[in-house]
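K.L.:
This is start_1.tsv, which holds TSV, C-alpha atoms:
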```
chain	number	residue	atom	x	y	z
A	30	MET	CA	128.83	310.35	97.90
A	31	THR	CA	132.12	309.19	99.34
A	32	VAL	CA	133.56	309.13	102.84
A	33	ALA	CA	137.32	309.42	103.33
A	34	PHE	CA	139.37	308.46	106.36
A	35	THR	CA	140.17	312.14	106.91
A	36	ASP	CA	136.41	312.85	107.17
A	37	ILE	CA	136.23	310.44	110.10
A	38	GLU	CA	139.28	311.98	111.78
A	39	ILE	CA	137.69	315.43	111.48
A	40	ALA	CA	134.44	314.02	112.85
A	41	ALA	CA	136.27	312.61	115.86
A	42	ASP	CA	137.71	316.05	116.68
A	43	LEU	CA	134.31	317.72	116.33
A	44	LEU	CA	132.54	315.10	118.42
A	45	ALA	CA	135.09	314.83	121.23
A	46	PRO	CA	133.31	317.32	123.57
A	47	HIS	CA	129.85	315.97	122.77
A	48	ILE	CA	129.95	312.16	123.03
A	49	ILE	CA	131.18	309.45	125.36
A	50	PRO	CA	134.21	307.43	124.19
A	51	THR	CA	132.57	304.12	125.06
A	52	PRO	CA	134.54	301.29	126.71
A	53	LEU	CA	135.93	298.26	124.91
A	54	VAL	CA	135.44	295.41	127.37
A	55	TYR	CA	137.22	292.06	127.25
A	56	SER	CA	134.94	289.08	127.94
A	57	PRO	CA	136.68	286.05	129.49
A	58	LEU	CA	133.41	284.10	129.31
A	59	PHE	CA	132.84	284.60	125.59
A	60	SER	CA	136.54	284.17	124.86
A	61	ARG	CA	136.52	280.72	126.47
A	62	ARG	CA	133.26	279.81	124.79
A	63	PHE	CA	134.22	280.81	121.24
A	64	GLY	CA	137.94	280.06	121.23
A	65	GLY	CA	139.42	283.53	120.68
A	66	ASP	CA	139.70	286.85	122.48
A	67	VAL	CA	136.27	288.52	122.40
A	68	TYR	CA	135.74	292.20	123.18
A	69	LEU	CA	132.50	294.19	123.47
A	70	LYS	CA	132.32	297.77	122.17
A	71	MET	CA	129.71	299.20	124.51
A	72	GLU	CA	127.74	301.73	122.47
A	73	ASN	CA	124.73	300.90	124.65
A	74	LEU	CA	126.47	303.17	127.19
A	75	GLN	CA	126.56	306.09	124.75
A	76	LYS	CA	124.35	309.14	125.27
A	77	THR	CA	120.71	308.19	124.51
A	78	GLY	CA	121.75	304.52	124.80
A	79	SER	CA	122.83	304.20	121.17
A	80	PHE	CA	125.59	305.04	118.69
A	81	LYS	CA	123.15	307.19	116.69
A	82	ILE	CA	124.09	310.44	118.43
A	83	ARG	CA	127.54	310.27	116.81
A	84	GLY	CA	126.25	310.73	113.29
A	85	ALA	CA	123.48	313.17	114.22
A	86	ALA	CA	125.74	315.40	116.30
A	87	HIS	CA	128.43	315.38	113.62
A	88	LYS	CA	125.93	316.41	110.96
A	89	LEU	CA	124.67	319.34	113.03
A	90	LEU	CA	128.11	320.47	114.11
A	91	LYS	CA	129.62	320.28	110.63
A	92	ARG	CA	126.65	321.88	108.86
A	93	SER	CA	125.62	324.37	111.53
A	94	GLY	CA	125.80	327.26	109.07
A	95	GLU	CA	123.56	325.45	106.59
A	96	ILE	CA	120.67	324.50	108.88
A	97	GLY	CA	117.26	325.71	107.70
A	98	PRO	CA	115.57	328.61	109.51
A	99	ARG	CA	113.07	326.25	111.18
A	100	GLY	CA	115.69	323.76	112.39
A	101	VAL	CA	115.93	320.09	111.47
A	102	VAL	CA	113.56	317.23	110.75
A	103	ALA	CA	114.17	313.49	110.88
A	104	ALA	CA	112.23	310.24	110.76
A	105	SER	CA	112.83	307.26	112.99
A	106	ALA	CA	111.14	304.66	115.16
A	107	GLY	CA	113.63	305.10	117.97
A	108	ASN	CA	117.38	305.60	118.23
A	109	HIS	CA	117.94	308.06	115.37
A	110	ALA	CA	115.02	310.10	116.71
A	111	GLN	CA	116.64	310.40	120.10
A	112	GLY	CA	120.08	311.10	118.64
A	113	VAL	CA	118.82	313.94	116.47
A	114	ALA	CA	116.69	315.36	119.30
A	115	ILE	CA	119.53	315.59	121.81
A	116	ALA	CA	122.07	316.80	119.24
A	117	ALA	CA	119.67	319.54	118.13
A	118	ARG	CA	118.92	320.51	121.72
A	119	ASP	CA	122.62	320.82	122.52
A	120	ALA	CA	123.09	322.95	119.40
A	121	GLY	CA	120.09	325.15	120.25
A	122	ILE	CA	118.23	324.07	117.11
A	123	PRO	CA	114.52	323.10	116.92
A	124	ALA	CA	113.96	319.49	115.93
A	125	VAL	CA	110.86	317.78	114.54
A	126	ILE	CA	110.90	313.98	114.59
A	127	VAL	CA	108.39	311.99	112.56
A	128	MET	CA	107.75	308.58	114.07
A	129	PRO	CA	105.49	305.80	112.77
A	130	GLU	CA	102.20	305.51	114.59
A	131	TRP	CA	103.25	302.21	116.18
A	132	ALA	CA	106.45	303.63	117.70
A	133	SER	CA	106.68	302.64	121.36
A	134	ILE	CA	105.44	305.14	123.92
A	135	SER	CA	108.76	304.95	125.80
A	136	LYS	CA	110.71	305.98	122.70
A	137	GLN	CA	108.25	308.75	121.92
A	138	GLU	CA	108.59	310.11	125.45
A	139	ALA	CA	112.38	309.79	125.40
A	140	THR	CA	112.50	311.80	122.16
A	141	ARG	CA	110.25	314.48	123.65
A	142	GLY	CA	112.39	314.44	126.78
A	143	TYR	CA	115.44	315.31	124.69
A	144	GLY	CA	113.59	318.32	123.28
A	145	GLY	CA	112.24	316.93	120.02
A	146	GLN	CA	108.74	317.69	118.72
A	147	VAL	CA	107.22	314.31	117.86
A	148	ILE	CA	104.79	313.86	114.97
A	149	LEU	CA	103.21	310.44	114.58
A	150	HIS	CA	102.63	309.57	110.93
A	151	GLY	CA	102.49	306.42	108.83
A	152	GLN	CA	102.48	302.68	109.36
A	153	SER	CA	106.13	302.26	108.37
A	154	VAL	CA	109.42	304.09	108.73
A	155	GLU	CA	109.32	304.65	104.96
A	156	GLU	CA	106.03	306.55	105.30
A	157	SER	CA	107.49	308.56	108.17
A	158	LEU	CA	110.54	309.38	106.03
A	159	GLN	CA	108.28	310.63	103.26
A	160	LYS	CA	106.47	312.89	105.70
A	161	ALA	CA	109.79	314.20	107.03
A	162	LEU	CA	110.91	315.00	103.50
A	163	GLU	CA	107.67	316.95	102.95
A	164	LEU	CA	108.33	318.94	106.13
A	165	SER	CA	111.87	319.68	104.96
A	166	GLU	CA	110.40	321.70	102.10
A	167	SER	CA	109.21	324.37	104.54
A	168	GLY	CA	112.53	325.55	105.94
A	169	ARG	CA	113.75	322.48	107.86
A	170	THR	CA	116.96	320.56	107.13
A	171	PHE	CA	116.37	316.82	106.72
A	172	ILE	CA	118.72	314.51	108.66
A	173	HIS	CA	118.82	311.08	107.03
A	174	PRO	CA	119.38	308.15	109.43
A	175	PHE	CA	122.11	306.45	107.36
A	176	ASP	CA	122.44	307.51	103.69
A	177	ASP	CA	124.53	310.61	104.33
A	178	PRO	CA	128.34	311.00	104.31
A	179	ASP	CA	128.29	313.16	107.45
A	180	ILE	CA	126.27	310.53	109.31
A	181	ILE	CA	128.59	307.77	108.08
A	182	ALA	CA	131.69	309.72	109.16
A	183	GLY	CA	130.22	310.26	112.61
A	184	GLN	CA	129.49	306.57	113.08
A	185	GLY	CA	132.98	305.78	111.80
A	186	THR	CA	134.50	307.30	114.94
A	187	ILE	CA	133.63	304.01	116.65
A	188	GLY	CA	136.20	302.32	114.41
A	189	LEU	CA	138.87	304.81	115.47
A	190	GLU	CA	138.12	304.13	119.13
A	191	ILE	CA	138.30	300.36	118.64
A	192	LEU	CA	141.72	300.44	117.01
A	193	SER	CA	143.08	303.03	119.45
A	194	GLU	CA	142.40	300.57	122.29
A	195	LEU	CA	143.02	297.32	120.42
A	196	PRO	CA	145.39	297.99	117.49
A	197	GLU	CA	145.80	294.25	116.86
A	198	THR	CA	142.08	293.70	116.19
A	199	ASP	CA	141.47	290.84	113.74
A	200	ALA	CA	137.70	291.08	113.22
A	201	VAL	CA	134.82	293.44	113.94
A	202	ILE	CA	131.23	292.14	113.90
A	203	VAL	CA	128.72	294.92	113.32
A	204	PRO	CA	124.90	295.18	113.28
A	205	LEU	CA	123.72	295.98	109.77
A	206	GLY	CA	120.49	297.74	108.85
A	207	GLY	CA	120.54	300.80	106.60
A	208	GLY	CA	124.33	300.57	106.52
A	209	GLY	CA	125.47	303.81	108.16
A	210	LEU	CA	127.18	302.15	111.14
A	211	ILE	CA	129.07	299.45	109.26
A	212	SER	CA	130.02	301.84	106.44
A	213	GLY	CA	131.66	304.21	108.88
A	214	ILE	CA	133.37	301.52	110.93
A	215	ALA	CA	134.64	299.69	107.83
A	216	THR	CA	136.03	302.91	106.33
A	217	ALA	CA	137.89	303.78	109.51
A	218	VAL	CA	139.18	300.31	110.34
A	219	LYS	CA	140.21	299.26	106.83
A	220	SER	CA	142.08	302.56	106.35
A	221	ILE	CA	144.27	301.80	109.37
A	222	ARG	CA	144.39	298.00	109.28
A	223	PRO	CA	143.21	296.59	105.92
A	224	ALA	CA	143.49	292.96	107.06
A	225	VAL	CA	140.75	293.31	109.67
A	226	ASN	CA	137.72	291.18	108.82
A	227	ILE	CA	134.52	293.28	108.84
A	228	ILE	CA	131.33	291.23	109.19
A	229	GLY	CA	127.79	292.58	109.05
A	230	VAL	CA	124.88	290.86	110.79
A	231	GLU	CA	121.24	291.24	109.76
A	232	PRO	CA	117.99	289.75	111.06
A	233	ALA	CA	116.78	286.99	108.73
A	234	PHE	CA	113.37	288.68	108.81
A	235	CYS	CA	114.78	291.70	106.94
A	236	PRO	CA	117.78	290.61	104.81
A	237	SER	CA	118.16	293.69	102.61
A	238	ALA	CA	121.97	293.87	102.67
A	239	HIS	CA	122.36	290.11	102.26
A	240	ALA	CA	120.02	290.13	99.27
A	241	SER	CA	121.75	293.16	97.79
A	242	ARG	CA	125.12	291.44	97.98
A	243	GLN	CA	123.76	288.37	96.24
A	244	GLU	CA	122.22	290.48	93.46
A	245	ARG	CA	125.17	292.91	93.33
A	246	LYS	CA	122.74	295.81	93.44
A	247	ARG	CA	120.50	297.46	96.00
A	248	VAL	CA	117.45	295.31	96.63
A	249	ARG	CA	114.26	296.19	98.48
A	250	VAL	CA	112.96	293.29	100.54
A	251	THR	CA	109.70	292.45	102.24
A	252	ALA	CA	110.29	292.47	105.98
A	253	LYS	CA	108.65	290.67	108.88
A	254	THR	CA	108.47	292.15	112.36
A	255	SER	CA	111.78	291.50	114.14
A	256	ILE	CA	113.10	291.82	117.67
A	257	ALA	CA	115.95	293.71	116.01
A	258	ASP	CA	113.66	296.51	114.86
A	259	GLY	CA	116.49	299.05	114.88
A	260	ILE	CA	118.13	297.34	111.90
A	261	SER	CA	115.00	296.19	110.07
A	262	VAL	CA	115.57	298.40	107.04
A	263	LYS	CA	114.07	297.25	103.75
A	264	GLN	CA	116.72	298.83	101.51
A	265	LEU	CA	120.32	299.94	102.00
A	266	GLY	CA	121.29	303.52	101.34
A	267	GLU	CA	123.06	304.26	98.06
A	268	ALA	CA	126.29	305.50	99.64
A	269	ASN	CA	126.19	302.67	102.16
A	270	PHE	CA	125.81	299.98	99.51
A	271	GLU	CA	128.89	301.17	97.64
A	272	ILE	CA	131.03	301.19	100.79
A	273	ILE	CA	129.72	297.84	101.98
A	274	GLU	CA	130.44	296.19	98.64
A	275	ARG	CA	133.99	297.53	98.72
A	276	LEU	CA	134.96	297.06	102.36
A	277	VAL	CA	132.70	294.59	104.17
A	278	ASP	CA	134.03	291.04	103.98
A	279	ASP	CA	130.89	289.09	104.82
A	280	ILE	CA	127.19	289.52	105.65
A	281	VAL	CA	125.35	286.89	107.69
A	282	LEU	CA	121.79	286.39	108.90
A	283	VAL	CA	120.49	285.43	112.34
A	284	ASP	CA	117.00	284.28	113.25
A	285	GLU	CA	114.72	285.64	115.96
A	286	GLU	CA	115.43	282.84	118.39
A	287	ALA	CA	119.18	283.48	118.17
A	288	ILE	CA	118.68	287.21	118.76
A	289	ALA	CA	116.47	286.61	121.80
A	290	SER	CA	118.97	284.12	123.19
A	291	ALA	CA	121.81	286.62	122.73
A	292	ILE	CA	119.87	289.36	124.56
A	293	LEU	CA	119.25	287.00	127.48
A	294	THR	CA	122.86	285.79	127.51
A	295	LEU	CA	124.23	289.34	127.64
A	296	LEU	CA	121.82	290.23	130.42
A	297	GLU	CA	122.39	287.12	132.54
A	298	SER	CA	126.08	286.50	132.03
A	299	LYS	CA	127.45	290.02	131.52
A	300	LYS	CA	124.74	292.23	133.10
A	301	ILE	CA	124.56	294.10	129.78
A	302	LEU	CA	121.22	295.34	128.50
A	303	ALA	CA	121.27	295.24	124.70
A	304	GLU	CA	118.40	295.82	122.31
A	305	GLY	CA	117.81	293.33	119.52
A	306	ALA	CA	119.96	295.23	117.04
A	307	GLY	CA	122.77	295.49	119.58
A	308	ALA	CA	122.73	291.77	120.33
A	309	VAL	CA	123.00	290.45	116.75
A	310	PRO	CA	126.84	290.25	116.74
A	311	LEU	CA	126.70	287.84	119.69
A	312	ALA	CA	123.77	286.02	118.06
A	313	ALA	CA	125.99	285.43	115.02
A	314	LEU	CA	128.61	283.72	117.21
A	315	MET	CA	126.11	281.74	119.27
A	316	SER	CA	124.25	280.46	116.20
A	317	GLY	CA	127.44	279.52	114.34
A	318	ALA	CA	126.80	282.02	111.54
A	319	VAL	CA	130.24	283.44	112.32
A	320	GLY	CA	133.21	281.49	113.62
A	321	ILE	CA	136.28	282.79	115.40
A	322	THR	CA	139.82	281.79	114.44
A	323	PRO	CA	141.57	280.40	117.53
A	324	GLY	CA	143.79	283.00	119.15
A	325	SER	CA	142.31	285.90	117.16
A	326	ARG	CA	140.86	289.14	118.59
A	327	THR	CA	137.23	289.86	117.72
A	328	VAL	CA	135.18	292.93	118.61
A	329	LEU	CA	131.37	292.77	118.89
A	330	VAL	CA	129.72	296.17	118.45
A	331	ILE	CA	126.88	296.35	120.98
A	332	SER	CA	125.22	299.21	119.15
A	333	GLY	CA	122.42	300.11	121.57
A	334	GLY	CA	120.47	299.24	124.70
A	335	ASN	CA	117.07	300.81	124.12
A	336	VAL	CA	114.71	297.88	124.52
A	337	ASP	CA	111.12	298.36	125.67
A	338	SER	CA	110.37	296.87	129.09
A	339	PRO	CA	107.36	294.76	127.93
A	340	LEU	CA	109.39	293.31	125.05
A	341	LEU	CA	112.30	292.61	127.39
A	342	GLY	CA	109.96	290.72	129.70
A	343	ARG	CA	108.74	288.54	126.84
A	344	ILE	CA	112.29	287.89	125.64
A	345	ILE	CA	113.43	286.86	129.11
A	346	THR	CA	110.47	284.53	129.62
A	347	LYS	CA	110.86	282.95	126.19
A	348	GLY	CA	114.57	282.46	126.76
A	349	LEU	CA	114.02	280.85	130.15
A	350	VAL	CA	111.45	278.50	128.62
A	351	LYS	CA	113.75	277.55	125.76
A	352	ASN	CA	116.54	276.73	128.21
A	353	GLY	CA	114.24	274.63	130.39
A	354	ARG	CA	114.38	277.17	133.20
A	355	ILE	CA	110.59	277.42	133.50
A	356	MET	CA	108.11	274.54	133.48
A	357	ARG	CA	104.38	274.20	134.09
A	358	VAL	CA	102.89	271.11	135.66
A	359	GLN	CA	99.29	270.34	136.62
A	360	VAL	CA	98.87	268.15	139.69
A	361	ARG	CA	95.56	266.65	140.88
A	362	ILE	CA	95.26	266.66	144.66
A	363	SER	CA	92.61	265.91	147.24
A	364	ASP	CA	90.52	268.98	148.07
A	365	THR	CA	91.30	268.77	151.78
A	366	PRO	CA	93.31	270.92	154.19
A	367	GLY	CA	97.05	270.35	153.90
A	368	SER	CA	97.02	268.76	150.44
A	369	LEU	CA	98.54	271.75	148.68
A	370	ALA	CA	101.10	272.22	151.45
A	371	ARG	CA	102.35	268.66	150.94
A	372	VAL	CA	102.82	269.25	147.18
A	373	LEU	CA	104.66	272.50	147.81
A	374	SER	CA	106.85	270.75	150.37
A	375	LEU	CA	107.91	268.19	147.76
A	376	ILE	CA	108.66	270.95	145.26
A	377	ALA	CA	110.72	272.79	147.87
A	378	GLU	CA	112.68	269.60	148.59
A	379	ALA	CA	113.38	269.35	144.84
A	380	ARG	CA	114.79	272.91	144.99
A	381	ALA	CA	112.35	274.40	142.49
A	382	ASN	CA	110.95	277.90	142.90
A	383	VAL	CA	107.19	278.45	142.57
A	384	LEU	CA	106.42	281.40	140.29
A	385	HIS	CA	102.65	281.01	140.02
A	386	ILE	CA	99.83	278.83	141.39
A	387	ASP	CA	96.32	278.46	140.01
A	388	HIS	CA	93.50	276.29	141.45
A	389	HIS	CA	90.75	274.66	139.35
A	390	ARG	CA	88.06	273.19	141.63
A	391	TYR	CA	85.27	273.23	139.08
A	392	ALA	CA	87.00	272.09	135.90
A	393	ARG	CA	85.11	269.64	133.73
A	394	ASN	CA	85.77	265.94	134.42
A	395	LEU	CA	87.20	266.60	137.91
A	396	PRO	CA	85.87	264.36	140.69
A	397	LEU	CA	83.92	266.23	143.36
A	398	TYR	CA	86.65	266.20	146.03
A	399	THR	CA	89.60	266.74	143.71
A	400	THR	CA	91.38	269.97	142.82
A	401	ALA	CA	93.63	270.56	139.81
A	402	VAL	CA	96.58	272.79	140.64
A	403	ASP	CA	98.62	274.46	137.90
A	404	LEU	CA	102.15	275.23	139.03
A	405	GLU	CA	104.60	277.40	137.14
A	406	LEU	CA	108.09	276.61	138.40
A	407	GLU	CA	111.56	278.05	137.96
A	408	THR	CA	114.06	275.23	137.43
A	409	ARG	CA	117.72	274.66	136.66
A	410	GLY	CA	117.04	273.04	133.28
A	411	GLY	CA	115.99	269.77	131.65
A	412	PRO	CA	117.47	267.32	134.20
A	413	HIS	CA	115.88	269.28	137.05
A	414	ILE	CA	112.49	269.18	135.30
A	415	ARG	CA	112.73	265.39	135.05
A	416	GLU	CA	113.70	265.21	138.73
A	417	ILE	CA	110.64	267.27	139.75
A	418	LYS	CA	108.34	265.12	137.66
A	419	LYS	CA	109.75	261.92	139.19
A	420	THR	CA	109.46	263.33	142.73
A	421	LEU	CA	105.76	264.10	142.26
A	422	SER	CA	105.01	260.83	140.47
A	423	ASP	CA	106.80	258.76	143.12
A	424	ALA	CA	104.72	260.48	145.79
A	425	GLY	CA	101.59	259.21	144.05
A	426	TYR	CA	100.36	262.42	142.50
A	427	ASP	CA	98.39	262.36	139.27
A	428	ILE	CA	100.27	264.58	136.84
A	429	THR	CA	97.83	265.17	134.02
A	430	ILE	CA	99.66	267.97	132.21
A	431	GLU	CA	103.37	268.59	132.21
A	432	CYS	CA	104.96	270.94	129.71
A	433	ARG	CA	107.36	273.79	129.19
A	434	ILE	CA	105.56	277.03	128.50
```
Written as structure tokens, that's how I'd like the structure from this file.

P.N.:
Amino acid sequence: MTVAFTDIEIAADLLAPHIIPTPLVYSPLFSRRFGGDVYLKMENLQKTGSFKIRGAAHKLLKRSGEIGPRGVVAASAGNHAQGVAIAARDAGIPAVIVMPEWASISKQEATRGYGGQVILHGQSVEESLQKALELSESGRTFIHPFDDPDIIAGQGTIGLEILSELPETDAVIVPLGGGGLISGIATAVKSIRPAVNIIGVEPAFCPSAHASRQERKRVRVTAKTSIADGISVKQLGEANFEIIERLVDDIVLVDEEAIASAILTLLESKKILAEGAGAVPLAALMSGAVGITPGSRTVLVISGGNVDSPLLGRIITKGLVKNGRIMRVQVRISDTPGSLARVLSLIAEARANVLHIDHHRYARNLPLYTTAVDLELETRGGPHIREIKKTLSDAGYDITIECRI
């Protein structure tokens, strides 16, 4: 299976009425930080919050006369499911989406909201794919999430948009999972500007493309649960592997801490909500896995923004802790009126914000008229934490536990 540049041009014409040409945003902050011009390709602003609708819609539009009598079937834990569901709805075609049993409720409901019939099956995406293939034998057309030339061509339209806005692009950093996104972008970009450096980024917990490049053949890896679940694919597609080997210049890995930090940085500094998969290009820069040539122009593909609210909360808290923005201190005070107010007054003078208070009057080893107070505080970082500790100690308070959470 091959994908030509003309396939991507045709895909762009077909998709024009059906997708959003997402913005390419220059970031002064990241440009100063990393030493070159950094741009963000905002596919998190695409319909359904992800680039996936490009490939799905292209497949349905191009093959409309070949769709089975019972519509289409796909398997996905999230973004591909939503992309197929909305593309099928717009085309007036029934869609069945098989999702693993652990798929988040929000993504299940979003898929149903776009008109897809959701079937929960299997403990992995691979098991869901197998079920979808079984369903395709009864009159439904199977839509693969990445190993399909029509899907690749649809995703490749992102590359056309990047170069139409920034013809002098020097590098594009792309999330890499099954390989559909980077295969399409690399085909488009290298056809127009062969010197552009195409870099794929994978989570270290699921390094299938990285391992495949080292072995020079497709390799199936054992994966751990990753924040970047959208690109945690255990084996590259066949067509994708061939294109990646030919056109992708480098593949790097980023760990979970780097991904979480990138999500938080995008949210705090740029007000951009990116899912784990969408944040890995920035994680590659922040971790040093990828460097920028001074004066060059680099595009980070923010591939999606569909992150579950509970996970986002955990990521934010963990990031704040890592950066010293949250601390927990236990202070022993006299169990008399006004004692707590005096402690809180000192904390206010130190310009810390109280997030949570918990009293322990009956803890073991506490004197009868003493109360242990756990305080969770929002701070400005390490130096501020030390200032708060000194303020309380100088005031004579017994600080028995002091830690970052």

K.L.:
List as JSON lines every residue of region 213-268 of chain A that is in contact with region 325-341 of chain A, defined as an atom at most 10 Å from one of its atoms (using all atoms listed in the file), together with the nearest atom pair and the distance in Å rounded to one decimal, sorted by chain and then rising number.

P.N.:
```
{"residue": "A:Ile214", "atom": "CA", "partner": "A:Val330", "partner_atom": "CA", "distance": 9.9}
{"residue": "A:Val225", "atom": "CA", "partner": "A:Thr327", "partner_atom": "CA", "distance": 9.4}
{"residue": "A:Asn226", "atom": "CA", "partner": "A:Thr327", "partner_atom": "CA", "distance": 9.0}
{"residue": "A:Ile227", "atom": "CA", "partner": "A:Val328", "partner_atom": "CA", "distance": 9.8}
{"residue": "A:Ile228", "atom": "CA", "partner": "A:Leu329", "partner_atom": "CA", "distance": 9.8}
{"residue": "A:Ile256", "atom": "CA", "partner": "A:Leu340", "partner_atom": "CA", "distance": 8.4}
{"residue": "A:Ala257", "atom": "CA", "partner": "A:Val336", "partner_atom": "CA", "distance": 9.6}
{"residue": "A:Asp258", "atom": "CA", "partner": "A:Val336", "partner_atom": "CA", "distance": 9.8}
{"residue": "A:Gly259", "atom": "CA", "partner": "A:Gly333", "partner_atom": "CA", "distance": 9.0}
```

K.L.:
Of the candidates A:Leu205, A:Ile211, A:Ile345, A:Val32, which one gets nearest to Val281 (chain A) if we count all atoms listed in the file?

P.N.:
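Nearest candidate to Val281 (chain A) out of A:Leu205, A:Ile211, A:Ile345, A:Val32: A:Leu205.
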
K.L.:
Neighbours of region 308-322 of chain A within 6 Å (only C-alpha atoms; same-chain residues fewer than 4 positions away dropped), as a list in words?

P.N.:
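Skipping anything fewer than 4 positions along the chain leaves Ile202, Ala287, Ile288, Ala291, Ile292, Ala303 and Leu329 of chain A.
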
K.L.:
May I ask for the distance between CA of Val218 (chain A) and CA of Ala41 (chain A), given in Å to one decimal place?

P.N.:
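Straight-line distance from CA of Val218 (chain A) to CA of Ala41 (chain A) works out to 13.8 Å.
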
K.L.:
Enter the distance from CA of Pro323 (chain A) to CA of Lys299 (chain A), in Å, rounded to one decimal.

P.N.:
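Separation of CA of Pro323 (chain A) and CA of Lys299 (chain A): 22.1 Å.
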
K.L.:
Return the single residue from A:Pro396, A:Pro50, A:Gly208, A:Pro123 that is closest to Gly188 (chain A), with distances computed using all atoms listed in the file.

P.N.:
A:Pro50

K.L.:
With all atoms listed in the file as the atoms that count, which of A:Ser220, A:Thr35, A:Ser255, A:Gln152 lies nearest to Pro236 (chain A)?

P.N.:
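Smallest separation from Pro236 (chain A) among the options: A:Ser255.
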
K.L.:
May I ask for the distance between CA of His388 (chain A) and CA of Ala401 (chain A), given in Å to one decimal place?

P.N.:
6.0 Å

K.L.:
Here is a test: counting all atoms listed in the file, which residue of A:Lys418, A:Arg357, A:His173, A:Arg83 is nearest to Val101 (chain A)?

P.N.:
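Closest to Val101 (chain A), using all atoms listed in the file: A:His173.
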
K.L.:
Any idea what's packed within 12 Å of Glu156 (chain A), counting only C-alpha atoms, ignoring anything in its chain fewer than 2 positions away? Could you give it as JSON, numbers by chain?

P.N.:
{"A": [104, 105, 106, 127, 128, 129, 130, 149, 150, 151, 152, 153, 154, 158, 159, 160, 161, 162, 163]}

K.L.:
Give me, as an MDAnalysis selection string, all polymer residues having an atom no more than 12 Å from Lys81 (chain A), counting all atoms listed in the file and skipping those fewer than 2 positions away in the same chain.

P.N.:
chainID A and resid 48 72:79 83:88 105 107:116 172:175 180:187 209:210 213 259 332:335
